[in-house]
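The structure file data_12.cif is reproduced below (mmCIF, C-alpha atoms and all ligand atoms).
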```
data_start
loop_
_atom_site.label_atom_id
_atom_site.label_comp_id
_atom_site.auth_asym_id
_atom_site.auth_seq_id
_atom_site.Cartn_x
_atom_site.Cartn_y
_atom_site.Cartn_z
CA MET A 1 -0.30 21.60 -11.60
CA ILE A 2 3.19 20.61 -12.68
CA LYS A 3 5.70 20.66 -9.83
CA PHE A 4 9.07 21.87 -11.04
CA LYS A 5 12.23 20.54 -9.42
CA SER A 6 15.39 22.48 -8.62
CA LEU A 7 18.80 21.15 -9.61
CA GLU A 8 19.24 20.15 -5.97
CA ASP A 9 15.94 18.27 -6.03
CA ILE A 10 17.03 16.45 -9.17
CA GLU A 11 20.31 15.46 -7.53
CA GLN A 12 18.36 14.00 -4.61
CA MET A 13 16.00 12.20 -6.99
CA LYS A 14 18.98 10.40 -8.52
CA ALA A 15 19.39 8.41 -5.32
CA ALA A 16 15.80 7.18 -5.46
CA GLY A 17 16.21 6.51 -9.17
CA GLU A 18 19.37 4.50 -8.70
CA LEU A 19 17.76 2.38 -6.01
CA SER A 20 14.79 1.76 -8.25
CA LYS A 21 17.15 0.70 -11.04
CA ALA A 22 19.11 -1.56 -8.71
CA ALA A 23 15.81 -3.20 -7.75
CA LEU A 24 14.94 -3.69 -11.40
CA ARG A 25 18.34 -5.18 -12.11
CA ARG A 26 17.88 -7.64 -9.24
CA ALA A 27 14.48 -8.58 -10.62
CA GLY A 28 16.04 -9.18 -14.03
CA GLU A 29 18.56 -11.59 -12.59
CA LEU A 30 15.67 -13.67 -11.26
CA CYS A 31 13.72 -13.79 -14.51
CA VAL A 32 14.63 -17.38 -15.32
CA PRO A 33 12.42 -20.45 -15.79
CA GLY A 34 11.06 -21.74 -12.49
CA THR A 35 11.05 -18.48 -10.54
CA THR A 36 7.72 -17.29 -9.22
CA THR A 37 6.80 -13.65 -9.51
CA LEU A 38 6.32 -13.59 -5.72
CA GLU A 39 9.96 -14.57 -5.30
CA ILE A 40 10.93 -11.62 -7.48
CA ASP A 41 8.67 -9.36 -5.45
CA GLN A 42 10.21 -10.45 -2.16
CA ALA A 43 13.77 -10.08 -3.42
CA VAL A 44 13.07 -6.58 -4.69
CA GLU A 45 11.36 -5.52 -1.48
CA GLY A 46 14.28 -6.85 0.54
CA LEU A 47 16.82 -4.97 -1.56
CA ILE A 48 14.91 -1.69 -1.37
CA ARG A 49 14.47 -1.94 2.40
CA LEU A 50 18.11 -2.94 2.89
CA HIS A 51 19.01 0.43 1.37
CA HIS A 52 16.55 2.22 3.66
CA GLY A 53 14.02 2.87 0.93
CA GLN A 54 10.38 1.94 0.65
CA PRO A 55 8.82 -0.01 -2.19
CA THR A 56 6.64 2.72 -3.65
CA PHE A 57 4.00 0.43 -5.10
CA LYS A 58 3.30 -1.55 -1.94
CA GLY A 59 -0.12 -0.51 -0.71
CA TYR A 60 -0.46 2.16 -3.43
CA GLY A 61 -4.19 2.28 -4.02
CA GLY A 62 -4.27 -1.08 -2.25
CA PHE A 63 -1.80 -2.78 -4.62
CA PRO A 64 -0.48 -5.85 -2.78
CA GLY A 65 3.00 -6.14 -4.32
CA SER A 66 6.31 -4.30 -4.24
CA VAL A 67 6.69 -4.83 -7.99
CA CYS A 68 4.30 -5.13 -10.87
CA SER A 69 5.04 -8.36 -12.75
CA SER A 70 3.18 -8.71 -16.03
CA VAL A 71 3.68 -11.90 -18.02
CA ASN A 72 3.11 -12.22 -21.79
CA GLU A 73 -0.35 -10.84 -22.64
CA GLN A 74 -0.36 -8.85 -19.40
CA ILE A 75 0.56 -5.27 -20.20
CA VAL A 76 1.01 -3.69 -16.77
CA HIS A 77 -0.01 -4.02 -13.10
CA GLY A 78 0.39 -7.79 -12.85
CA ILE A 79 0.20 -8.94 -9.22
CA PRO A 80 3.15 -11.01 -7.95
CA SER A 81 2.03 -14.50 -6.98
CA SER A 82 3.43 -17.80 -5.77
CA THR A 83 1.30 -19.47 -8.44
CA VAL A 84 2.82 -17.58 -11.37
CA VAL A 85 5.90 -19.59 -12.33
CA LEU A 86 8.02 -18.15 -15.14
CA GLN A 87 8.35 -20.51 -18.09
CA ASP A 88 10.92 -20.82 -20.83
CA GLY A 89 9.84 -18.50 -23.65
CA ASP A 90 7.88 -16.04 -21.50
CA ILE A 91 8.44 -12.33 -21.46
CA VAL A 92 7.82 -10.58 -18.16
CA SER A 93 7.54 -6.86 -17.62
CA ILE A 94 8.78 -5.84 -14.19
CA ASP A 95 8.03 -2.37 -12.87
CA THR A 96 9.82 -1.23 -9.72
CA GLY A 97 9.41 1.95 -7.71
CA ALA A 98 11.56 3.03 -4.79
CA THR A 99 10.98 5.94 -2.43
CA LEU A 100 14.16 7.27 -0.84
CA GLY A 101 14.77 10.55 0.96
CA GLY A 102 11.23 11.60 0.18
CA TRP A 103 11.58 11.19 -3.59
CA VAL A 104 10.35 8.52 -5.95
CA GLY A 105 12.12 6.65 -8.74
CA ASP A 106 10.02 4.60 -11.17
CA ASN A 107 11.24 2.29 -13.92
CA ALA A 108 10.35 -0.87 -15.84
CA TRP A 109 11.89 -3.38 -18.20
CA THR A 110 10.63 -6.40 -20.10
CA PHE A 111 12.83 -9.43 -19.50
CA CYS A 112 13.11 -12.52 -21.65
CA VAL A 113 12.80 -15.81 -19.75
CA GLY A 114 14.98 -18.50 -21.25
CA LYS A 115 14.72 -18.78 -25.02
CA VAL A 116 12.17 -16.36 -26.41
CA SER A 117 10.93 -16.35 -30.01
CA ASP A 118 12.40 -13.81 -32.43
CA GLU A 119 8.92 -12.35 -32.87
CA TRP A 120 8.55 -11.58 -29.18
CA LYS A 121 12.13 -10.40 -28.85
CA GLY A 122 11.44 -7.99 -31.69
CA LEU A 123 8.52 -6.57 -29.73
CA CYS A 124 10.79 -6.01 -26.73
CA GLU A 125 13.52 -4.39 -28.78
CA CYS A 126 11.07 -2.08 -30.51
CA THR A 127 9.57 -1.01 -27.19
CA ARG A 128 12.99 -0.28 -25.76
CA ASP A 129 13.79 1.76 -28.87
CA CYS A 130 10.50 3.63 -28.47
CA LEU A 131 11.59 4.63 -24.99
CA LYS A 132 14.96 5.73 -26.27
CA ALA A 133 13.39 7.80 -29.06
CA ALA A 134 11.01 9.38 -26.58
CA ILE A 135 13.79 10.33 -24.16
CA GLU A 136 15.64 12.05 -27.00
CA GLN A 137 12.62 14.32 -27.36
CA ALA A 138 12.65 15.27 -23.66
CA VAL A 139 14.42 18.59 -24.17
CA PRO A 140 13.38 22.12 -23.24
CA GLY A 141 11.28 23.76 -25.92
CA ASN A 142 9.77 20.54 -27.21
CA ARG A 143 6.25 19.58 -26.22
CA LEU A 144 4.68 16.48 -24.71
CA GLY A 145 3.29 15.69 -28.14
CA ASP A 146 6.83 15.26 -29.44
CA ILE A 147 7.40 12.49 -26.90
CA GLY A 148 4.15 10.74 -27.71
CA ALA A 149 4.69 11.07 -31.44
CA ALA A 150 8.21 9.61 -31.19
CA VAL A 151 6.84 6.48 -29.51
CA GLN A 152 3.87 6.15 -31.82
CA GLU A 153 5.87 6.63 -35.01
CA HIS A 154 8.52 4.09 -34.10
CA ALA A 155 6.00 1.49 -32.93
CA GLU A 156 3.56 1.84 -35.80
CA GLU A 157 6.27 1.97 -38.48
CA ASN A 158 7.29 -1.44 -37.21
CA GLY A 159 3.74 -2.78 -37.15
CA TYR A 160 3.10 -2.77 -33.41
CA GLY A 161 0.23 -1.35 -31.34
CA VAL A 162 0.48 1.54 -28.87
CA VAL A 163 -1.57 1.18 -25.70
CA ARG A 164 -3.75 4.25 -25.22
CA ASP A 165 -5.46 3.55 -21.89
CA TYR A 166 -2.33 3.80 -19.72
CA VAL A 167 0.23 6.59 -19.82
CA GLY A 168 3.38 7.95 -18.23
CA HIS A 169 3.31 10.72 -15.65
CA GLY A 170 5.17 13.34 -13.71
CA VAL A 171 7.26 11.99 -10.81
CA GLY A 172 8.40 13.70 -7.63
CA ARG A 173 7.61 13.32 -3.97
CA VAL A 174 4.76 11.08 -5.05
CA MET A 175 4.69 8.59 -7.89
CA HIS A 176 1.97 10.14 -9.99
CA GLU A 177 2.13 13.85 -10.64
CA GLU A 178 1.04 15.94 -13.56
CA PRO A 179 1.43 15.91 -16.50
CA GLU A 180 0.12 12.81 -18.26
CA VAL A 181 2.77 11.52 -20.66
CA ARG A 182 1.01 9.80 -23.54
CA ASN A 183 2.66 7.34 -25.88
CA TYR A 184 0.87 8.76 -28.89
CA GLY A 185 0.30 12.26 -30.16
CA ARG A 186 1.38 14.88 -32.61
CA HIS A 187 4.58 16.83 -32.83
CA GLY A 188 4.35 20.38 -31.56
CA ARG A 189 1.23 19.80 -29.48
CA GLY A 190 0.65 19.72 -25.76
CA VAL A 191 2.48 21.12 -22.75
CA ARG A 192 5.84 22.74 -23.46
CA LEU A 193 8.76 20.96 -21.80
CA ARG A 194 10.81 23.10 -19.43
CA PRO A 195 13.87 22.53 -17.24
CA GLY A 196 12.83 21.14 -13.86
CA MET A 197 10.13 18.84 -15.15
CA VAL A 198 10.62 15.20 -14.15
CA ILE A 199 8.56 12.61 -15.99
CA ALA A 200 8.22 8.85 -16.22
CA ILE A 201 8.20 7.90 -19.88
CA GLU A 202 6.79 4.40 -20.28
CA PRO A 203 5.76 3.04 -23.66
CA MET A 204 3.47 0.01 -23.55
CA ILE A 205 3.57 -1.69 -26.93
CA THR A 206 1.68 -4.72 -28.23
CA LEU A 207 2.34 -7.35 -30.84
CA GLY A 208 -1.29 -7.24 -31.92
CA THR A 209 -3.93 -4.60 -31.40
CA TYR A 210 -3.69 -2.25 -28.46
CA ASP A 211 -7.16 -2.78 -26.98
CA CYS A 212 -7.03 -3.97 -23.41
CA HIS A 213 -9.05 -4.65 -20.29
CA VAL A 214 -8.54 -5.19 -16.56
CA LEU A 215 -8.84 -8.68 -15.11
CA PRO A 216 -11.38 -9.36 -12.34
CA ASN A 217 -8.60 -8.93 -9.75
CA GLY A 218 -9.01 -5.21 -10.38
CA TRP A 219 -5.38 -4.62 -11.36
CA THR A 220 -3.87 -6.69 -14.12
CA VAL A 221 -4.23 -5.14 -17.56
CA VAL A 222 -4.23 -7.61 -20.47
CA THR A 223 -4.52 -7.34 -24.23
CA ASN A 224 -7.94 -8.22 -25.60
CA ASP A 225 -6.45 -10.39 -28.33
CA GLY A 226 -4.15 -12.33 -25.99
CA GLN A 227 -1.03 -11.22 -27.85
CA PRO A 228 2.00 -10.21 -25.79
CA ALA A 229 2.94 -6.70 -24.69
CA ALA A 230 6.19 -5.05 -23.61
CA HIS A 231 6.78 -2.14 -21.23
CA TYR A 232 9.95 -0.11 -20.61
CA GLU A 233 10.15 2.92 -18.39
CA ASN A 234 12.60 5.46 -17.09
CA THR A 235 12.27 8.50 -14.85
CA VAL A 236 13.74 11.40 -16.79
CA ALA A 237 14.59 14.95 -15.72
CA ILE A 238 14.42 17.69 -18.31
CA THR A 239 17.35 20.04 -17.86
CA LYS A 240 18.79 22.90 -19.87
CA ASP A 241 21.50 20.49 -20.96
CA GLY A 242 19.00 17.88 -22.13
CA PRO A 243 17.36 14.79 -20.69
CA VAL A 244 18.91 13.14 -17.63
CA ILE A 245 17.84 9.58 -16.88
CA LEU A 246 17.44 9.42 -13.10
CA THR A 247 16.70 5.70 -13.02
CA SER A 248 20.16 4.85 -14.16
CA ASP A 249 23.13 3.44 -12.38
CA HIS A 250 26.84 3.60 -12.63
CA LEU A 251 27.45 -0.09 -12.82
CA GLY A 252 27.55 -0.26 -16.58
CA PRO A 253 25.50 -2.46 -18.87
CA TRP A 254 23.26 -4.93 -17.12
CA CYS A 255 21.33 -7.98 -18.17
CA PRO A 256 23.00 -8.05 -21.59
CA MET A 257 21.02 -11.19 -22.44
CA GLN A 258 17.85 -9.18 -22.34
CA GLY A 259 18.09 -7.81 -25.82
CA GLY A 260 20.82 -5.32 -26.32
CA ASP A 261 22.55 -2.60 -24.44
CA GLY A 262 21.80 -1.66 -20.89
CA GLU A 263 22.07 2.05 -21.36
CA LEU A 264 18.44 2.64 -20.51
MG MG A 301 5.23 4.79 -14.02
#
```

Could you quickly redo this structure as structure tokens?
Ligand code: MG
Amino acid sequence: MIKFKSLEDIEQMKAAGELSKAALRRAGELCVPGTTTLEIDQAVEGLIRLHHGQPTFKGYGGFPGSVCSSVNEQIVHGIPSSTVVLQDGDIVSIDTGATLGGWVGDNAWTFCVGKVSDEWKGLCECTRDCLKAAIEQAVPGNRLGDIGAAVQEHAEENGYGVVRDYVGHGVGRVMHEEPEVRNYGRHGRGVRLRPGMVIAIEPMITLGTYDCHVLPNGWTVVTNDGQPAAHYENTVAITKDGPVILTSDHLGPWCPMQGGDGEL
């Protein structure tokens, strides 16, 4: 069942969203050669707790980290580790979730570490643009299929793969609510979007084919062909006035070296 949020609920969710974005921004600052993904995890957890929030992912289904940190061919759910040292030329997808005041904010961004190849940067930029195109579809009267189709069309027109096995989701007092928000689909199909729905839109796009599998650690999802993947996510409220990105902040553009504007 989809849980609709009041305007007051959505206002409260902005606080959780902003904290989640602040955590992601902090993670981005640390995505330089030589940092371990555990260091990123600890910094993010510290920031979230400093602001009286909880890292939503920690312990979720037994997940050990406060962030997901997925390097190169890892698509999502990478486990932070002291043995994973970021290298020049890597891309790393960081996913942060913060729970504050009983609400969850969930967002992700793929950061470039040092000097990244144009080919991999192109993947990141396309994925970010997929997210942007999808958010533009998050208006009352559209359907979930319009969101999925927007991602799929933009990715496939540019020659990239769209991961099918992992999807976005409703967000509220818990991280994963209904509905499923797929990154593929057909316009005009699926659940109709209505004011009060809050969803995490999170395209996962690959340089090669989209087939993937989970590593023996039970969490980390990697591409079968070993090609890199990118992942961008925002928590978005659907209102009568259009989409409102809850995982935003008022500090202006951030991490401008990470491939373009910081508006998402
Ligand atoms: Mg999510």

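Across A:Gln12, A:Thr247, A:Thr56, A:Thr36, the tightest approach to Tyr232 in chain A is made by A:Thr247 when counting all atoms listed in the file.
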
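When all atoms listed in the file are used to compute distances to ligand MG 301 (chain A), the closest of the residues A:Pro216, A:Gly190, A:Gly97, A:Gly185 turns out to be A:Gly97.
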
message: Show me, as JSON, numbers by chain, the residues that have an atom within 6 Å of Ala149 in chain A when counting only C-alpha atoms, minus same-chain residues fewer than 4 positions from it.
response: {"A": [145, 153, 184, 185, 186, 187]}

task: Tell me which protein, DNA and RNA residues are within 8 Å of Thr209 in chain A, counting all atoms listed in the file, leaving out same-chain ones fewer than 5 positions away, and put them as a VMD selection string.
output: chain A and resid 160 to 162 223 to 225

Once you count all atoms listed in the file, what closest atom pair and distance in Å to one decimal does each residue of chain A within 6 Å of ligand MG 301 (chain A) have, with rows by chain and rising residue number, as JSON lines?
```
{"residue": "A:Asp106", "atom": "CA", "partner": "A:MG301", "partner_atom": "MG", "distance": 5.6}
{"residue": "A:Gly168", "atom": "CA", "partner": "A:MG301", "partner_atom": "MG", "distance": 5.6}
{"residue": "A:Ala200", "atom": "CA", "partner": "A:MG301", "partner_atom": "MG", "distance": 5.5}
```

Could N, CA and C atoms be built for range 126-155 of chain A and written out as a CSV table (one decimal), keeping the file's coordinate frame?
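Final file, result37.csv:
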```
chain,number,residue,atom,x,y,z
A,126,CYS,N,11.8,-3.3,-30.0
A,126,CYS,CA,11.1,-2.1,-30.5
A,126,CYS,C,10.6,-1.2,-29.4
A,127,THR,N,10.1,-1.8,-28.3
A,127,THR,CA,9.6,-1.0,-27.2
A,127,THR,C,10.7,-0.3,-26.5
A,128,ARG,N,11.8,-0.9,-26.4
A,128,ARG,CA,13.0,-0.3,-25.8
A,128,ARG,C,13.4,0.9,-26.6
A,129,ASP,N,13.4,0.7,-28.0
A,129,ASP,CA,13.8,1.8,-28.9
A,129,ASP,C,12.8,2.9,-28.9
A,130,CYS,N,11.5,2.6,-28.6
A,130,CYS,CA,10.5,3.6,-28.5
A,130,CYS,C,10.8,4.5,-27.3
A,131,LEU,N,11.2,3.9,-26.2
A,131,LEU,CA,11.6,4.6,-25.0
A,131,LEU,C,12.8,5.5,-25.3
A,132,LYS,N,13.8,5.0,-26.0
A,132,LYS,CA,15.0,5.7,-26.3
A,132,LYS,C,14.6,6.9,-27.2
A,133,ALA,N,13.8,6.7,-28.2
A,133,ALA,CA,13.4,7.8,-29.1
A,133,ALA,C,12.6,8.9,-28.3
A,134,ALA,N,11.8,8.4,-27.4
A,134,ALA,CA,11.0,9.4,-26.6
A,134,ALA,C,11.9,10.2,-25.7
A,135,ILE,N,12.9,9.6,-25.1
A,135,ILE,CA,13.8,10.3,-24.2
A,135,ILE,C,14.6,11.4,-24.9
A,136,GLU,N,14.9,11.1,-26.2
A,136,GLU,CA,15.6,12.0,-27.0
A,136,GLU,C,14.8,13.3,-27.2
A,137,GLN,N,13.5,13.2,-27.2
A,137,GLN,CA,12.6,14.3,-27.4
A,137,GLN,C,12.4,15.1,-26.1
A,138,ALA,N,12.9,14.6,-25.0
A,138,ALA,CA,12.6,15.3,-23.7
A,138,ALA,C,13.6,16.4,-23.4
A,139,VAL,N,13.5,17.4,-24.3
A,139,VAL,CA,14.4,18.6,-24.2
A,139,VAL,C,13.6,19.9,-24.1
A,140,PRO,N,14.1,20.9,-23.4
A,140,PRO,CA,13.4,22.1,-23.2
A,140,PRO,C,13.0,22.7,-24.6
A,141,GLY,N,11.8,23.2,-24.7
A,141,GLY,CA,11.3,23.8,-25.9
A,141,GLY,C,10.4,22.8,-26.7
A,142,ASN,N,10.7,21.5,-26.6
A,142,ASN,CA,9.8,20.5,-27.2
A,142,ASN,C,8.5,20.5,-26.4
A,143,ARG,N,7.5,19.7,-26.9
A,143,ARG,CA,6.2,19.6,-26.2
A,143,ARG,C,6.0,18.1,-25.9
A,144,LEU,N,5.0,17.9,-25.0
A,144,LEU,CA,4.7,16.5,-24.7
A,144,LEU,C,4.3,15.7,-26.0
A,145,GLY,N,3.7,16.4,-26.9
A,145,GLY,CA,3.3,15.7,-28.1
A,145,GLY,C,4.5,15.1,-28.9
A,146,ASP,N,5.6,15.8,-28.8
A,146,ASP,CA,6.8,15.3,-29.4
A,146,ASP,C,7.3,13.9,-28.9
A,147,ILE,N,7.1,13.8,-27.6
A,147,ILE,CA,7.4,12.5,-26.9
A,147,ILE,C,6.4,11.4,-27.4
A,148,GLY,N,5.2,11.7,-27.3
A,148,GLY,CA,4.2,10.7,-27.7
A,148,GLY,C,4.3,10.4,-29.2
A,149,ALA,N,4.6,11.3,-30.0
A,149,ALA,CA,4.7,11.1,-31.4
A,149,ALA,C,5.9,10.2,-31.7
A,150,ALA,N,7.0,10.4,-31.0
A,150,ALA,CA,8.2,9.6,-31.2
A,150,ALA,C,7.9,8.1,-30.9
A,151,VAL,N,7.2,7.9,-29.8
A,151,VAL,CA,6.8,6.5,-29.5
A,151,VAL,C,5.9,5.9,-30.6
A,152,GLN,N,4.9,6.6,-30.9
A,152,GLN,CA,3.9,6.2,-31.8
A,152,GLN,C,4.5,5.9,-33.2
A,153,GLU,N,5.3,6.8,-33.7
A,153,GLU,CA,5.9,6.6,-35.0
A,153,GLU,C,6.7,5.4,-35.1
A,154,HIS,N,7.6,5.2,-34.1
A,154,HIS,CA,8.5,4.1,-34.1
A,154,HIS,C,7.8,2.8,-34.0
A,155,ALA,N,6.8,2.7,-33.1
A,155,ALA,CA,6.0,1.5,-32.9
A,155,ALA,C,5.2,1.2,-34.2
```
